[in-house]
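Working notes for the structure below.
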Protein chains: 2
Amino acid sequence: MSEQESYYKKKQDPSLKLFVVLTKAQRSVADLVKDDIQRYGLNPTEFGVLELLYHQGEQPLQKIGEKILLASGSITYVVDKLEKKEYLERIPCPNDRRITFASITEKGREFLNDIFPDHWKQIERITDGLTDEEKVQAIELLKKLGQNAEGNQN
Amino acid sequence: MSEQESYYKKKQDPSLKLFVVLTKAQRSVADLVKDDIQRYGLNPTEFGVLELLYHQGEQPLQKIGEKILLASGSITYVVDKLEKKEYLERIPCPNDRRITFASITEKGREFLNDIFPDHWKQIERITDGLTDEEKVQAIELLKKLGQNAEGNQN
DNA sequence: CACCATGAATTTTATATTTAACTATACCCT
DNA sequence: AGGGTATAGTTAAATATAAAATTCATGGTG
């Protein structure tokens, strides 16, 4: 089989196609969500950290890294930025002096309360290419795909 | 409705859930593909550019940026790197001296021919959480989602 | 108790990417 | 032809992220 034939055959392959289409869709969606978030003066990472603290309460920096998938050095960096904006504060752990908690401030909480409604509306708009039934389908498939891929990490 | 209730209600919302799950799945998959590509000494962007030239022939740098969604400054950067590795060369356009083409070299072509088979195998492995039928379903849904989101960019 | 392996956070360094400013060329248009 | 405007690519600066080295604290074990 020639190079060209081999390529055209491969382009039909569901695995490869899925990878390409997953990449593009996520990129398109993420770019629009990013535009939305930037209007509020945050980038998606900062927003993600703040959201985490809002919903799950104060966390050791370490844990934040695990949940948001960010290297420890990067955590220090974004927590610094959020602290400068006064949306969170560092709280030393009394029992274990190696540990520092990050905790959302009242200002941070109010900030999120202010922007959530419109933010959610934007996400609905951005994803309105699919009906609710299709979204549920997509969620199931993506969950399966993602969980399996994670498990493969060795 | 309290903040907490509002949050828990929102967590059920298919749009928001879809966004979260799309982000995570893509991240898991992309990380593994990245590991695969790095074994060959490239990062995903370099790989993407090279693949584009392999499949679609020489391109004005400008066009590469449009197709890969990369700012013009970044194009210069990755094309420089690929040129240093001798996987591509710059070719000035004779008709329009503003334009420079990037063209894959023989070395670059051989390189991709060497790695494609295993690369495809890896992608199959990474996506094997879904059956072929599910992949086809997911492709349709993601295509629809992505195209619609792109259209929203105004 | 003293030592050492581990773990958490920071610091530093490297890499990737975007944005903005700049240069050169081409096109238009009267 | 000349002047204005748009386009391609590069350069430089700013930002984001990852990777590696460093510091400090803890807990276990000989």
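Ligands are numbered from 1 in the order shown, residues from 1 within each chain, and chains are lettered A, B, ... in the order they appear in the structure tokens.
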If we count only C-alpha atoms (C1' of nucleotides) and set the cut-off at 7 Å, which residues sit around Arg97 of chain B, ignoring sequence neighbours fewer than 4 positions away in its own chain? Please answer as an MDAnalysis selection string. (chainID B and resid 92:93) or (chainID C and resid 25)
Residue list (strand (DSSP E or B), DSSP) for segment 6-150 of chain B, as a ChimeraX atom specification: /B:59-60,88-92,100-104
I'd like to know which residues of segment 22-143 of chain A are alpha helix (DSSP H) (by DSSP, run on the backbone); could you write them as a ChimeraX atom specification? /A:22-38,44-56,61-68,72-84,106-126,132-143
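In terms of minimum interatomic distance to DT15 of chain D, C:DT18 ranks closest within C:DT6, C:DT12, C:DT18, C:DT23, counting only C-alpha atoms (C1' of nucleotides).
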Which neighbours of Glu58 of chain B fall inside 10 Å, counting only C-alpha atoms (C1' of nucleotides), when residues of the same chain fewer than 5 positions from it are skipped, and could you give them as number ranges by chain? B: 52-53, 63-64, 88-91, 100-104
Counting only C-alpha atoms (C1' of nucleotides), which residues of chain D come no farther than 12 Å from chain A, as an MDAnalysis selection string? chainID D and resid 15:21 23:27
Save the residues we just selected, N, CA, C and O atoms (P, O5', C5', C4', C3', O3' and C1' of nucleotides), as a tab-separated table (two decimals), in the first residue's frame?
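Final output, result_5.tsv:
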chain	number	residue	atom	x	y	z
D	15	DT	P	2.29	40.82	31.66
D	15	DT	O5'	1.89	39.30	31.40
D	15	DT	C5'	0.89	39.01	30.44
D	15	DT	C4'	0.81	37.51	30.28
D	15	DT	C3'	0.64	36.76	31.60
D	15	DT	O3'	-0.60	36.10	31.51
D	15	DT	C1'	2.27	35.74	30.21
D	16	DA	P	-1.15	35.24	32.74
D	16	DA	O5'	-0.79	33.77	32.26
D	16	DA	C5'	-1.15	33.36	30.96
D	16	DA	C4'	-0.68	31.94	30.74
D	16	DA	C3'	-0.92	31.01	31.93
D	16	DA	O3'	-1.49	29.83	31.41
D	16	DA	C1'	1.37	30.97	31.29
D	17	DT	P	-2.07	28.70	32.37
D	17	DT	O5'	-0.87	27.69	32.45
D	17	DT	C5'	-0.48	27.03	31.24
D	17	DT	C4'	0.82	26.33	31.45
D	17	DT	C3'	0.87	25.41	32.66
D	17	DT	O3'	0.71	24.10	32.16
D	17	DT	C1'	2.93	26.58	32.28
D	18	DA	P	0.96	22.83	33.13
D	18	DA	O5'	2.52	22.60	32.93
D	18	DA	C5'	3.02	22.50	31.61
D	18	DA	C4'	4.48	22.13	31.66
D	18	DA	C3'	4.79	20.98	32.61
D	18	DA	O3'	5.78	20.19	31.95
D	18	DA	C1'	6.06	22.87	33.22
D	19	DA	P	6.29	18.81	32.61
D	19	DA	O5'	7.78	19.12	33.08
D	19	DA	C5'	8.64	19.93	32.28
D	19	DA	C4'	9.99	20.04	32.98
D	19	DA	C3'	10.31	18.88	33.91
D	19	DA	O3'	11.69	18.58	33.74
D	19	DA	C1'	10.33	20.91	35.12
D	20	DA	P	12.43	17.50	34.69
D	20	DA	O5'	13.34	18.42	35.62
D	20	DA	C5'	14.06	19.50	35.03
D	20	DA	C4'	14.84	20.23	36.11
D	20	DA	C3'	15.44	19.32	37.16
D	20	DA	O3'	16.74	19.81	37.46
D	20	DA	C1'	14.04	20.89	38.21
D	21	DA	P	17.67	19.11	38.56
D	21	DA	O5'	17.73	20.22	39.70
D	21	DA	C5'	18.07	21.56	39.32
D	21	DA	C4'	17.97	22.46	40.53
D	21	DA	C3'	18.65	21.89	41.78
D	21	DA	O3'	19.37	22.94	42.39
D	21	DA	C1'	16.38	22.38	42.25
D	23	DT	P	18.81	25.70	49.49
D	23	DT	O5'	17.51	25.82	50.43
D	23	DT	C5'	16.57	26.88	50.19
D	23	DT	C4'	15.37	26.63	51.06
D	23	DT	C3'	15.73	26.25	52.50
D	23	DT	O3'	15.03	27.14	53.36
D	23	DT	C1'	14.17	24.72	51.59
D	24	DC	P	15.43	27.28	54.91
D	24	DC	O5'	14.24	26.54	55.65
D	24	DC	C5'	12.90	26.86	55.28
D	24	DC	C4'	12.00	25.71	55.65
D	24	DC	C3'	12.26	25.16	57.05
D	24	DC	O3'	11.11	25.42	57.83
D	24	DC	C1'	11.91	23.43	55.45
D	25	DA	P	11.05	25.00	59.38
D	25	DA	O5'	10.14	23.71	59.33
D	25	DA	C5'	8.83	23.85	58.78
D	25	DA	C4'	8.20	22.48	58.69
D	25	DA	C3'	8.17	21.72	60.01
D	25	DA	O3'	6.84	21.32	60.24
D	25	DA	C1'	9.12	20.38	58.28
D	26	DT	P	6.46	20.66	61.62
D	26	DT	O5'	6.43	19.12	61.23
D	26	DT	C5'	5.59	18.73	60.14
D	26	DT	C4'	5.86	17.28	59.83
D	26	DT	C3'	5.80	16.36	61.04
D	26	DT	O3'	4.66	15.53	60.89
D	26	DT	C1'	7.59	15.82	59.58
D	27	DG	P	4.15	14.58	62.03
D	27	DG	O5'	4.72	13.16	61.57
D	27	DG	C5'	4.75	12.82	60.18
D	27	DG	C4'	5.47	11.49	60.04
D	27	DG	C3'	5.34	10.60	61.27
D	27	DG	O3'	5.13	9.27	60.83
D	27	DG	C1'	7.62	11.05	60.85
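Using only C-alpha atoms (C1' of nucleotides), we find that the part of chain C lying within 8 Å of chain A comprises DA8, DA9 and DT10 of chain C.
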Deliver the residues from the most recent selection as a file, using N, CA, C and O atoms (P, O5', C5', C4', C3', O3' and C1' of nucleotides), as a tab-separated table (two decimals), in the first residue's frame.
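Final file, again-v9.tsv:
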chain	number	residue	atom	x	y	z
C	8	DA	P	2.36	16.20	50.30
C	8	DA	O5'	2.95	17.63	50.69
C	8	DA	C5'	2.62	18.18	51.96
C	8	DA	C4'	3.01	19.64	51.99
C	8	DA	C3'	2.45	20.47	50.84
C	8	DA	O3'	1.94	21.69	51.36
C	8	DA	C1'	4.81	20.60	50.82
C	9	DA	P	1.09	22.63	50.43
C	9	DA	O5'	2.18	23.69	49.99
C	9	DA	C5'	2.68	24.59	50.98
C	9	DA	C4'	3.93	25.25	50.46
C	9	DA	C3'	3.73	26.16	49.26
C	9	DA	O3'	3.83	27.51	49.72
C	9	DA	C1'	5.71	24.84	49.10
C	10	DT	P	3.73	28.73	48.70
C	10	DT	O5'	5.25	28.91	48.25
C	10	DT	C5'	6.22	29.11	49.26
C	10	DT	C4'	7.60	29.11	48.63
C	10	DT	C3'	7.81	30.14	47.52
C	10	DT	O3'	8.90	30.96	47.92
C	10	DT	C1'	8.65	28.02	46.88
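Here the question is which of A:Glu106, A:Asp80, A:Glu140, A:Glu124 gets nearest to chain B using only C-alpha atoms, and that residue is A:Glu124.
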Would you write out, as a tab-separated table, a table of all residues in chain B that have an atom no more than 9 Å from an atom of chain A, listing for each the closest atom pair and the distance in Å to one decimal, considering only C-alpha atoms and ordering rows by chain and rising residue number?
residue	atom	partner	partner_atom	distance
B:Glu3	CA	A:Asn113	CA	7.9
B:Gln4	CA	A:His55	CA	8.6
B:Tyr7	CA	A:His55	CA	8.1
B:Lys10	CA	A:Trp120	CA	8.5
B:Pro14	CA	A:Lys135	CA	6.1
B:Ser15	CA	A:Glu124	CA	5.5
B:Leu16	CA	A:Ile123	CA	6.6
B:Lys17	CA	A:Ile139	CA	7.2
B:Leu18	CA	A:Ile139	CA	5.4
B:Phe19	CA	A:Ile123	CA	7.7
B:Val21	CA	A:Lys143	CA	6.2
B:Leu22	CA	A:Leu142	CA	6.3
B:Thr23	CA	A:Gln26	CA	6.5
B:Lys24	CA	A:Gly146	CA	6.6
B:Ala25	CA	A:Gly146	CA	4.0
B:Gln26	CA	A:Leu22	CA	6.5
B:Arg27	CA	A:Gly146	CA	8.2
B:Ser28	CA	A:Glu150	CA	5.8
B:Val29	CA	A:Ala149	CA	6.0
B:Ala30	CA	A:Thr23	CA	7.9
B:Leu32	CA	A:Gln153	CA	7.2
B:His55	CA	A:Tyr7	CA	8.1
B:Asn113	CA	A:Glu3	CA	7.9
B:Trp120	CA	A:Leu16	CA	7.1
B:Ile123	CA	A:Ser15	CA	6.5
B:Glu124	CA	A:Ser15	CA	5.5
B:Arg125	CA	A:Asn152	CA	8.5
B:Ile126	CA	A:Ala149	CA	5.5
B:Thr127	CA	A:Ser15	CA	6.3
B:Asp128	CA	A:Asn148	CA	7.5
B:Gly129	CA	A:Leu145	CA	5.1
B:Leu130	CA	A:Leu145	CA	6.1
B:Asp132	CA	A:Pro14	CA	6.5
B:Glu133	CA	A:Pro14	CA	8.7
B:Glu134	CA	A:Leu141	CA	7.2
B:Lys135	CA	A:Pro14	CA	6.1
B:Val136	CA	A:Pro14	CA	6.3
B:Gln137	CA	A:Ala138	CA	8.5
B:Ala138	CA	A:Ala138	CA	6.4
B:Ile139	CA	A:Leu18	CA	5.4
B:Glu140	CA	A:Val21	CA	8.9
B:Leu141	CA	A:Ala138	CA	6.6
B:Leu142	CA	A:Ala25	CA	6.0
B:Lys143	CA	A:Val21	CA	6.1
B:Lys144	CA	A:Gly129	CA	6.1
B:Leu145	CA	A:Gly129	CA	5.1
B:Gly146	CA	A:Ala25	CA	4.0
B:Gln147	CA	A:Ala25	CA	7.5
B:Asn148	CA	A:Gly129	CA	5.1
B:Ala149	CA	A:Ile126	CA	5.5
B:Glu150	CA	A:Ser28	CA	5.8
B:Asn152	CA	A:Ile126	CA	7.0
B:Gln153	CA	A:Leu32	CA	7.3
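Rounded to one decimal, atom CA of Leu42 of chain A and atom CA of Arg109 of chain A lie 14.3 Å from each other.
Between Ile115 of chain B and the residues B:Tyr87, B:Phe47, B:Tyr40, B:Tyr54, the shortest atom-to-atom distance, using only C-alpha atoms, involves B:Tyr40.
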